[in-house]
Structures are given as structure tokens and as C-alpha cells.
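What's in start34.pdb: PDB, C-alpha atoms, pLDDT in the B column
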ATOM      1  CA  MET A   1      52.979 351.283 263.644  1.00 81.00           C
ATOM      2  CA  PRO A   2      53.236 351.814 259.872  1.00 93.00           C
ATOM      3  CA  ILE A   3      52.255 349.081 257.468  1.00 97.00           C
ATOM      4  CA  PHE A   4      53.751 348.435 254.049  1.00 98.00           C
ATOM      5  CA  GLU A   5      52.141 347.226 250.847  1.00 98.00           C
ATOM      6  CA  LEU A   6      54.264 345.305 248.369  1.00 98.00           C
ATOM      7  CA  ARG A   7      52.572 345.150 244.970  1.00 98.00           C
ATOM      8  CA  THR A   8      53.763 343.077 242.013  1.00 98.00           C
ATOM      9  CA  TYR A   9      52.378 343.651 238.520  1.00 98.00           C
ATOM     10  CA  ALA A  10      53.097 341.310 235.609  1.00 98.00           C
ATOM     11  CA  PHE A  11      52.827 342.741 232.091  1.00 98.00           C
ATOM     12  CA  HIS A  12      52.185 341.442 228.633  1.00 97.00           C
ATOM     13  CA  PRO A  13      55.514 340.964 226.816  1.00 96.00           C
ATOM     14  CA  GLY A  14      56.790 344.247 225.411  1.00 96.00           C
ATOM     15  CA  LYS A  15      54.504 346.412 227.570  1.00 98.00           C
ATOM     16  CA  LEU A  16      56.645 347.008 230.666  1.00 98.00           C
ATOM     17  CA  GLY A  17      58.461 350.004 229.148  1.00 97.00           C
ATOM     18  CA  GLU A  18      55.167 351.679 228.275  1.00 98.00           C
ATOM     19  CA  TYR A  19      53.925 351.146 231.812  1.00 98.00           C
ATOM     20  CA  LEU A  20      57.094 352.602 233.360  1.00 98.00           C
ATOM     21  CA  LYS A  21      56.757 355.722 231.236  1.00 98.00           C
ATOM     22  CA  LEU A  22      53.132 356.191 232.236  1.00 98.00           C
ATOM     23  CA  SER A  23      53.912 355.492 235.882  1.00 98.00           C
ATOM     24  CA  ALA A  24      56.705 358.065 235.965  1.00 98.00           C
ATOM     25  CA  GLU A  25      55.089 360.795 233.865  1.00 98.00           C
ATOM     26  CA  VAL A  26      51.399 360.408 234.675  1.00 98.00           C
ATOM     27  CA  GLY A  27      50.827 358.247 237.754  1.00 98.00           C
ATOM     28  CA  ARG A  28      53.404 359.902 239.958  1.00 97.00           C
ATOM     29  CA  LYS A  29      52.249 363.381 238.939  1.00 97.00           C
ATOM     30  CA  ILE A  30      48.652 362.616 239.882  1.00 97.00           C
ATOM     31  CA  ARG A  31      49.208 360.497 242.956  1.00 97.00           C
ATOM     32  CA  GLY A  32      52.421 361.857 244.473  1.00 96.00           C
ATOM     33  CA  ASP A  33      52.607 360.796 248.112  1.00 97.00           C
ATOM     34  CA  ASN A  34      49.095 362.032 248.884  1.00 97.00           C
ATOM     35  CA  TYR A  35      47.564 358.549 248.872  1.00 98.00           C
ATOM     36  CA  GLY A  36      50.296 356.560 250.618  1.00 98.00           C
ATOM     37  CA  LYS A  37      54.040 357.091 250.477  1.00 98.00           C
ATOM     38  CA  PHE A  38      55.866 355.638 247.496  1.00 98.00           C
ATOM     39  CA  GLU A  39      58.988 353.983 248.930  1.00 98.00           C
ATOM     40  CA  GLY A  40      60.425 352.283 245.867  1.00 98.00           C
ATOM     41  CA  GLY A  41      59.739 350.729 242.475  1.00 98.00           C
ATOM     42  CA  TRP A  42      61.779 348.100 240.636  1.00 98.00           C
ATOM     43  CA  THR A  43      61.741 345.807 237.628  1.00 98.00           C
ATOM     44  CA  THR A  44      62.680 342.140 237.897  1.00 97.00           C
ATOM     45  CA  GLU A  45      66.038 341.169 236.434  1.00 93.00           C
ATOM     46  CA  PHE A  46      65.999 337.373 236.785  1.00 90.00           C
ATOM     47  CA  GLY A  47      63.360 334.683 237.083  1.00 87.00           C
ATOM     48  CA  THR A  48      59.893 335.887 236.101  1.00 90.00           C
ATOM     49  CA  LEU A  49      60.405 338.867 233.804  1.00 93.00           C
ATOM     50  CA  ASN A  50      58.097 341.704 232.721  1.00 96.00           C
ATOM     51  CA  GLN A  51      57.280 342.459 236.358  1.00 98.00           C
ATOM     52  CA  TYR A  52      57.200 345.703 238.307  1.00 98.00           C
ATOM     53  CA  VAL A  53      57.475 345.565 242.097  1.00 98.00           C
ATOM     54  CA  HIS A  54      56.510 348.630 244.120  1.00 98.00           C
ATOM     55  CA  LEU A  55      56.502 349.358 247.838  1.00 98.00           C
ATOM     56  CA  TRP A  56      54.142 351.759 249.633  1.00 98.00           C
ATOM     57  CA  SER A  57      53.820 352.731 253.278  1.00 98.00           C
ATOM     58  CA  TYR A  58      50.825 353.874 255.321  1.00 98.00           C
ATOM     59  CA  ALA A  59      50.328 354.852 258.937  1.00 97.00           C
ATOM     60  CA  ASP A  60      48.048 351.838 259.431  1.00 97.00           C
ATOM     61  CA  LEU A  61      45.441 349.716 257.637  1.00 96.00           C
ATOM     62  CA  ASN A  62      42.689 352.235 258.316  1.00 97.00           C
ATOM     63  CA  GLU A  63      44.681 354.976 256.619  1.00 98.00           C
ATOM     64  CA  ARG A  64      45.376 352.712 253.651  1.00 97.00           C
ATOM     65  CA  GLU A  65      41.679 352.005 253.204  1.00 97.00           C
ATOM     66  CA  ARG A  66      40.743 355.676 253.524  1.00 98.00           C
ATOM     67  CA  LEU A  67      43.410 356.899 251.097  1.00 98.00           C
ATOM     68  CA  ARG A  68      42.701 354.237 248.490  1.00 96.00           C
ATOM     69  CA  LEU A  69      38.995 355.136 248.569  1.00 97.00           C
ATOM     70  CA  GLU A  70      39.932 358.776 248.032  1.00 98.00           C
ATOM     71  CA  LEU A  71      42.239 357.805 245.164  1.00 97.00           C
ATOM     72  CA  GLN A  72      39.439 355.891 243.443  1.00 95.00           C
ATOM     73  CA  LYS A  73      37.400 359.100 243.431  1.00 97.00           C
ATOM     74  CA  ASN A  74      40.184 361.019 241.662  1.00 98.00           C
ATOM     75  CA  ASP A  75      38.985 361.451 238.066  1.00 97.00           C
ATOM     76  CA  ALA A  76      42.452 362.127 236.690  1.00 98.00           C
ATOM     77  CA  TRP A  77      43.747 358.920 238.264  1.00 98.00           C
ATOM     78  CA  ALA A  78      40.925 356.850 236.794  1.00 97.00           C
ATOM     79  CA  LYS A  79      40.772 358.388 233.311  1.00 97.00           C
ATOM     80  CA  GLU A  80      44.325 359.522 232.590  1.00 98.00           C
ATOM     81  CA  TYR A  81      46.236 356.712 234.293  1.00 98.00           C
ATOM     82  CA  VAL A  82      44.308 353.571 235.274  1.00 98.00           C
ATOM     83  CA  ALA A  83      42.417 353.392 231.991  1.00 98.00           C
ATOM     84  CA  ARG A  84      45.719 353.520 230.092  1.00 98.00           C
ATOM     85  CA  ILE A  85      47.708 351.013 232.156  1.00 98.00           C
ATOM     86  CA  ARG A  86      44.986 348.405 232.646  1.00 97.00           C
ATOM     87  CA  PRO A  87      45.327 346.867 229.155  1.00 98.00           C
ATOM     88  CA  LEU A  88      49.088 346.443 229.725  1.00 98.00           C
ATOM     89  CA  ILE A  89      48.765 344.322 232.881  1.00 98.00           C
ATOM     90  CA  GLN A  90      48.369 340.556 233.029  1.00 97.00           C
ATOM     91  CA  THR A  91      48.185 340.034 236.802  1.00 97.00           C
ATOM     92  CA  GLN A  92      48.423 341.970 240.061  1.00 97.00           C
ATOM     93  CA  GLN A  93      49.428 340.687 243.488  1.00 95.00           C
ATOM     94  CA  ASN A  94      49.934 342.391 246.807  1.00 95.00           C
ATOM     95  CA  LYS A  95      51.191 341.626 250.290  1.00 97.00           C
ATOM     96  CA  ILE A  96      50.417 343.686 253.386  1.00 97.00           C
ATOM     97  CA  LEU A  97      53.492 343.719 255.589  1.00 98.00           C
ATOM     98  CA  SER A  98      54.381 344.815 259.099  1.00 97.00           C
ATOM     99  CA  ALA A  99      57.968 345.750 259.896  1.00 97.00           C
ATOM    100  CA  VAL A 100      60.026 343.414 262.065  1.00 97.00           C
ATOM    101  CA  THR A 101      63.212 345.505 261.839  1.00 96.00           C
ATOM    102  CA  PRO A 102      63.586 349.261 261.230  1.00 96.00           C
ATOM    103  CA  PHE A 103      63.010 350.393 257.656  1.00 97.00           C
ATOM    104  CA  LYS A 104      66.347 351.746 256.363  1.00 97.00           C
ATOM    105  CA  PRO A 105      66.182 352.849 252.718  1.00 97.00           C
ATOM    106  CA  PRO A 106      69.665 353.601 251.364  1.00 97.00           C
ATOM    107  CA  ALA A 107      70.630 357.211 250.732  1.00 95.00           C
ATOM    108  CA  ASP A 108      73.002 356.410 247.873  1.00 96.00           C
ATOM    109  CA  SER A 109      72.137 355.480 244.297  1.00 96.00           C
ATOM    110  CA  GLY A 110      73.355 353.119 241.600  1.00 96.00           C
ATOM    111  CA  ASN A 111      72.322 349.997 243.509  1.00 98.00           C
ATOM    112  CA  VAL A 112      70.689 346.676 242.795  1.00 98.00           C
ATOM    113  CA  TYR A 113      68.284 345.057 245.241  1.00 98.00           C
ATOM    114  CA  GLU A 114      67.389 341.534 246.213  1.00 98.00           C
ATOM    115  CA  LEU A 115      63.908 340.746 247.458  1.00 98.00           C
ATOM    116  CA  ARG A 116      63.611 337.461 249.350  1.00 97.00           C
ATOM    117  CA  TRP A 117      60.512 335.874 250.842  1.00 97.00           C
ATOM    118  CA  TYR A 118      60.528 332.780 252.979  1.00 97.00           C
ATOM    119  CA  ARG A 119      57.495 330.747 253.956  1.00 97.00           C
ATOM    120  CA  ALA A 120      57.730 329.165 257.401  1.00 98.00           C
ATOM    121  CA  TYR A 121      55.891 326.125 258.647  1.00 98.00           C
ATOM    122  CA  PRO A 122      52.686 327.099 260.494  1.00 96.00           C
ATOM    123  CA  GLY A 123      53.535 328.349 263.959  1.00 96.00           C
ATOM    124  CA  LYS A 124      57.247 328.732 263.171  1.00 97.00           C
ATOM    125  CA  LEU A 125      57.473 332.225 261.665  1.00 97.00           C
ATOM    126  CA  GLY A 126      57.875 333.955 265.029  1.00 97.00           C
ATOM    127  CA  GLU A 127      60.802 331.714 265.914  1.00 98.00           C
ATOM    128  CA  TRP A 128      62.423 332.324 262.519  1.00 98.00           C
ATOM    129  CA  LEU A 129      61.987 336.095 262.807  1.00 97.00           C
ATOM    130  CA  ALA A 130      63.502 336.108 266.309  1.00 97.00           C
ATOM    131  CA  LEU A 131      66.544 334.271 264.972  1.00 98.00           C
ATOM    132  CA  THR A 132      66.892 336.719 262.073  1.00 97.00           C
ATOM    133  CA  ARG A 133      66.727 339.732 264.387  1.00 96.00           C
ATOM    134  CA  ASP A 134      69.495 338.275 266.525  1.00 97.00           C
ATOM    135  CA  ILE A 135      71.771 337.459 263.577  1.00 97.00           C
ATOM    136  CA  LEU A 136      71.178 340.666 261.607  1.00 97.00           C
ATOM    137  CA  PRO A 137      74.188 342.606 263.000  1.00 97.00           C
ATOM    138  CA  ALA A 138      76.490 339.766 261.953  1.00 96.00           C
ATOM    139  CA  ARG A 139      74.884 339.499 258.509  1.00 97.00           C
ATOM    140  CA  GLU A 140      75.078 343.249 257.908  1.00 97.00           C
ATOM    141  CA  LYS A 141      78.847 343.061 258.103  1.00 97.00           C
ATOM    142  CA  TYR A 142      78.621 341.895 254.492  1.00 97.00           C
ATOM    143  CA  SER A 143      75.600 343.669 252.972  1.00 97.00           C
ATOM    144  CA  ARG A 144      72.947 346.211 253.842  1.00 97.00           C
ATOM    145  CA  ASN A 145      69.456 345.207 254.857  1.00 98.00           C
ATOM    146  CA  VAL A 146      66.600 347.582 254.023  1.00 98.00           C
ATOM    147  CA  ALA A 147      64.068 345.802 256.247  1.00 97.00           C
ATOM    148  CA  TYR A 148      62.548 342.551 257.399  1.00 98.00           C
ATOM    149  CA  TRP A 149      58.760 342.263 257.331  1.00 98.00           C
ATOM    150  CA  GLN A 150      56.142 339.658 258.073  1.00 98.00           C
ATOM    151  CA  THR A 151      52.976 339.207 256.034  1.00 97.00           C
ATOM    152  CA  GLU A 152      49.713 340.307 257.607  1.00 95.00           C
ATOM    153  CA  VAL A 153      47.418 339.895 254.572  1.00 87.00           C
ATOM    154  CA  SER A 154      47.766 337.615 251.533  1.00 80.00           C
ATOM    155  CA  GLN A 155      50.036 334.581 251.932  1.00 84.00           C
ATOM    156  CA  LEU A 156      50.616 334.161 255.675  1.00 89.00           C
ATOM    157  CA  ASN A 157      53.607 332.696 257.528  1.00 94.00           C
ATOM    158  CA  GLU A 158      56.007 334.607 255.298  1.00 97.00           C
ATOM    159  CA  GLY A 159      59.056 336.651 256.174  1.00 98.00           C
ATOM    160  CA  VAL A 160      59.966 339.194 253.480  1.00 98.00           C
ATOM    161  CA  HIS A 161      63.334 340.917 253.376  1.00 98.00           C
ATOM    162  CA  LEU A 162      65.020 343.399 251.066  1.00 98.00           C
ATOM    163  CA  TRP A 163      68.796 343.777 250.597  1.00 98.00           C
ATOM    164  CA  VAL A 164      70.839 346.357 248.723  1.00 98.00           C
ATOM    165  CA  TYR A 165      74.125 345.839 246.833  1.00 98.00           C
ATOM    166  CA  LYS A 166      76.281 348.006 244.619  1.00 97.00           C
ATOM    167  CA  ASP A 167      76.069 345.455 241.815  1.00 97.00           C
ATOM    168  CA  LEU A 168      75.730 341.723 241.222  1.00 96.00           C
ATOM    169  CA  ASN A 169      79.428 341.120 241.859  1.00 98.00           C
ATOM    170  CA  ASP A 170      79.055 342.790 245.251  1.00 98.00           C
ATOM    171  CA  ARG A 171      76.101 340.506 245.967  1.00 97.00           C
ATOM    172  CA  ALA A 172      78.050 337.373 245.063  1.00 97.00           C
ATOM    173  CA  ALA A 173      81.051 338.411 247.171  1.00 98.00           C
ATOM    174  CA  ALA A 174      78.900 339.363 250.176  1.00 97.00           C
ATOM    175  CA  ARG A 175      76.986 336.109 250.139  1.00 96.00           C
ATOM    176  CA  ALA A 176      80.188 334.068 249.850  1.00 97.00           C
ATOM    177  CA  LYS A 177      81.658 335.859 252.866  1.00 97.00           C
ATOM    178  CA  ALA A 178      78.492 335.391 254.896  1.00 97.00           C
ATOM    179  CA  LEU A 179      78.388 331.664 254.126  1.00 95.00           C
ATOM    180  CA  GLY A 180      81.905 331.357 255.510  1.00 96.00           C
ATOM    181  CA  ASP A 181      81.015 333.125 258.776  1.00 97.00           C
ATOM    182  CA  PRO A 182      80.611 330.693 261.719  1.00 97.00           C
ATOM    183  CA  GLU A 183      77.848 332.860 263.238  1.00 97.00           C
ATOM    184  CA  TRP A 184      75.878 332.713 260.002  1.00 97.00           C
ATOM    185  CA  GLN A 185      76.433 328.989 259.662  1.00 97.00           C
ATOM    186  CA  ALA A 186      75.088 328.466 263.180  1.00 98.00           C
ATOM    187  CA  PHE A 187      72.059 330.600 262.328  1.00 98.00           C
ATOM    188  CA  LEU A 188      71.336 328.580 259.188  1.00 97.00           C
ATOM    189  CA  ALA A 189      71.485 325.325 261.117  1.00 98.00           C
ATOM    190  CA  ARG A 190      68.709 326.574 263.412  1.00 98.00           C
ATOM    191  CA  ALA A 191      66.679 328.613 260.925  1.00 98.00           C
ATOM    192  CA  LEU A 192      66.456 326.473 257.796  1.00 97.00           C
ATOM    193  CA  PRO A 193      64.463 323.623 259.401  1.00 98.00           C
ATOM    194  CA  LEU A 194      61.707 326.168 260.176  1.00 98.00           C
ATOM    195  CA  LEU A 195      61.142 326.979 256.498  1.00 98.00           C
ATOM    196  CA  GLN A 196      58.940 325.383 253.848  1.00 97.00           C
ATOM    197  CA  GLN A 197      59.972 327.466 250.871  1.00 97.00           C
ATOM    198  CA  GLN A 198      62.448 330.165 249.811  1.00 97.00           C
ATOM    199  CA  ASP A 199      62.127 332.551 246.861  1.00 96.00           C
ATOM    200  CA  ALA A 200      64.178 335.495 245.681  1.00 96.00           C
ATOM    201  CA  THR A 201      64.405 337.944 242.813  1.00 96.00           C
ATOM    202  CA  VAL A 202      66.937 340.587 241.812  1.00 97.00           C
ATOM    203  CA  LEU A 203      65.422 344.031 241.302  1.00 98.00           C
ATOM    204  CA  MET A 204      66.635 347.018 239.320  1.00 98.00           C
ATOM    205  CA  PRO A 205      65.370 350.457 240.420  1.00 98.00           C
ATOM    206  CA  ALA A 206      62.934 352.147 238.053  1.00 98.00           C
ATOM    207  CA  PRO A 207      63.992 355.647 236.955  1.00 96.00           C
ATOM    208  CA  HIS A 208      61.358 357.264 239.185  1.00 97.00           C
ATOM    209  CA  SER A 209      62.019 355.086 242.258  1.00 98.00           C
ATOM    210  CA  PRO A 210      62.935 356.909 245.503  1.00 98.00           C
ATOM    211  CA  MET A 211      65.299 354.020 246.270  1.00 98.00           C
ATOM    212  CA  LYS A 212      67.951 354.063 243.575  1.00 96.00           C
TER     213      LYS A 212
END
Would you write out, as C-alpha cells, the structure that this file holds?
Amino acid sequence: MPIFELRTYAFHPGKLGEYLKLSAEVGRKIRGDNYGKFEGGWTTEFGTLNQYVHLWSYADLNERERLRLELQKNDAWAKEYVARIRPLIQTQQNKILSAVTPFKPPADSGNVYELRWYRAYPGKLGEWLALTRDILPAREKYSRNVAYWQTEVSQLNEGVHLWVYKDLNDRAAARAKALGDPEWQAFLARALPLLQQQDATVLMPAPHSPMK
């Protein structure tokens, strides 16, 4: 079963644009999809700014380890890319994720995305994920889900999900309709007591992102 890596980089103010240019023109040229498949890259629009969020997929954890070791041995990657982006970055975080629902990247472009991550009480994530799988067809009447994941490494007991909208008005309308749906209301009544914390951010696709 494939695993996904969600990486979030925070940049010094004013440096995100320089990073995006290097990522598109240098990093992608060197790395391609030879060291893990690049699924998408976005910048944060609200909340914590100057962040770049990128999603990678691998066949499994063993493949990830092998490919990242190979990438570290790539001189062009180290000298032409990493050495140039490192001074731009403040912090780096990652989450290793396993898919709970099928991964469905949209084929169209011109979208905005919403990344949400919920932390469940210990022992309650499985119950929350089962509820979300059951309600997903009803929720997707209003907006498209890219995937639900659960964390395997980094912060545990988290469900991570990614949604796609045509724009922010579409997001607002979809969420208002969902909140008025009796099926969704019943789901919330059962699901919310299982959660400790909820976070979300709106993401705008980077120019070189496969998901637009």
C-alpha cells in the first residue's frame, strides 16, 4: 500500500518567491519523479503565511528510505538546489500518512484546496475514520475530497484530509449546504466528541504543482 509524505516548509519573510522559483526551475529538473512521486505543492493563503506544503507518494516506507538515500548522493541536488534553498528556510515539518480513502487528485485546474487535520483522543481515531468513510458519499455531494489519511509517523492520532474547490466562494457555499444536511449533522454529533483539536489551512497551487 502506498504511503504519502506531507512536508511543510516555513520561510523567512520575503523568501518564499525565491524558493518557489528554485523549486520549479532547479529542484524539479533534478529530482523529477525519480525519488518519489511529486503529487502537489501549495502555498498557504490564510493563517501561518510564508509556508509551502508539498505532498509526495512512495510505494512503501522502505522505498522512501532507499530513494531518499539515493537523492542525498546526487551531487546536483546537494550543490545546485539544497545549498541554495537552505538559507531561505526557517523550519521543516513532515507527516508520514497512510491512505484511508482512495487518492483522487482532480484532473481540472484553477482550484483552491483546503487541508484539514484533526487530532483524535487516544484510541478514538479508528472510530472517527470509520464514521468519515461512511459519511463521505453524503459530504461529496457538496465538494470534492482528494483523500483522507491517517498519520503513521510524526504526530499520531491525526486524520488528515484534503478538499478541492473552484474558489473561496465555492468553499463557503459548499460548507453552508453541508451544515444544513441532516446526514452531516448526525455525523457531527457522533464525530466531534472524538476529537481533541481541529486545524485547517487554505492552499493555493504553486505554478509547478501537478494538482492545479
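Among the candidates A:Ala10, A:Leu195, A:Val112, A:Met211, the one nearest to Glu45 (chain A) when counting all atoms listed in the file is A:Val112.
Counting only C-alpha atoms and comparing A:Tyr52, A:Phe4, A:Tyr165, A:Phe46, the residue that lies closest to Ser209 (chain A) is A:Tyr52.
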### Evaluate the PyMOL selection byres ((chain A and resi 124) around 12) and report residues as a VMD selection string
chain A and resid 118 to 123 125 to 131 156 to 159 190 to 196
#### Entry: Atomic separation - CA of His54 (chain A) relative to CA of Gln150 (chain A), Å
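A separation of 16.6 Å between them.
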### Å distance separating CA of Asp199 (chain A) from CA of Ile89 (chain A), one decimal place
22.6 Å
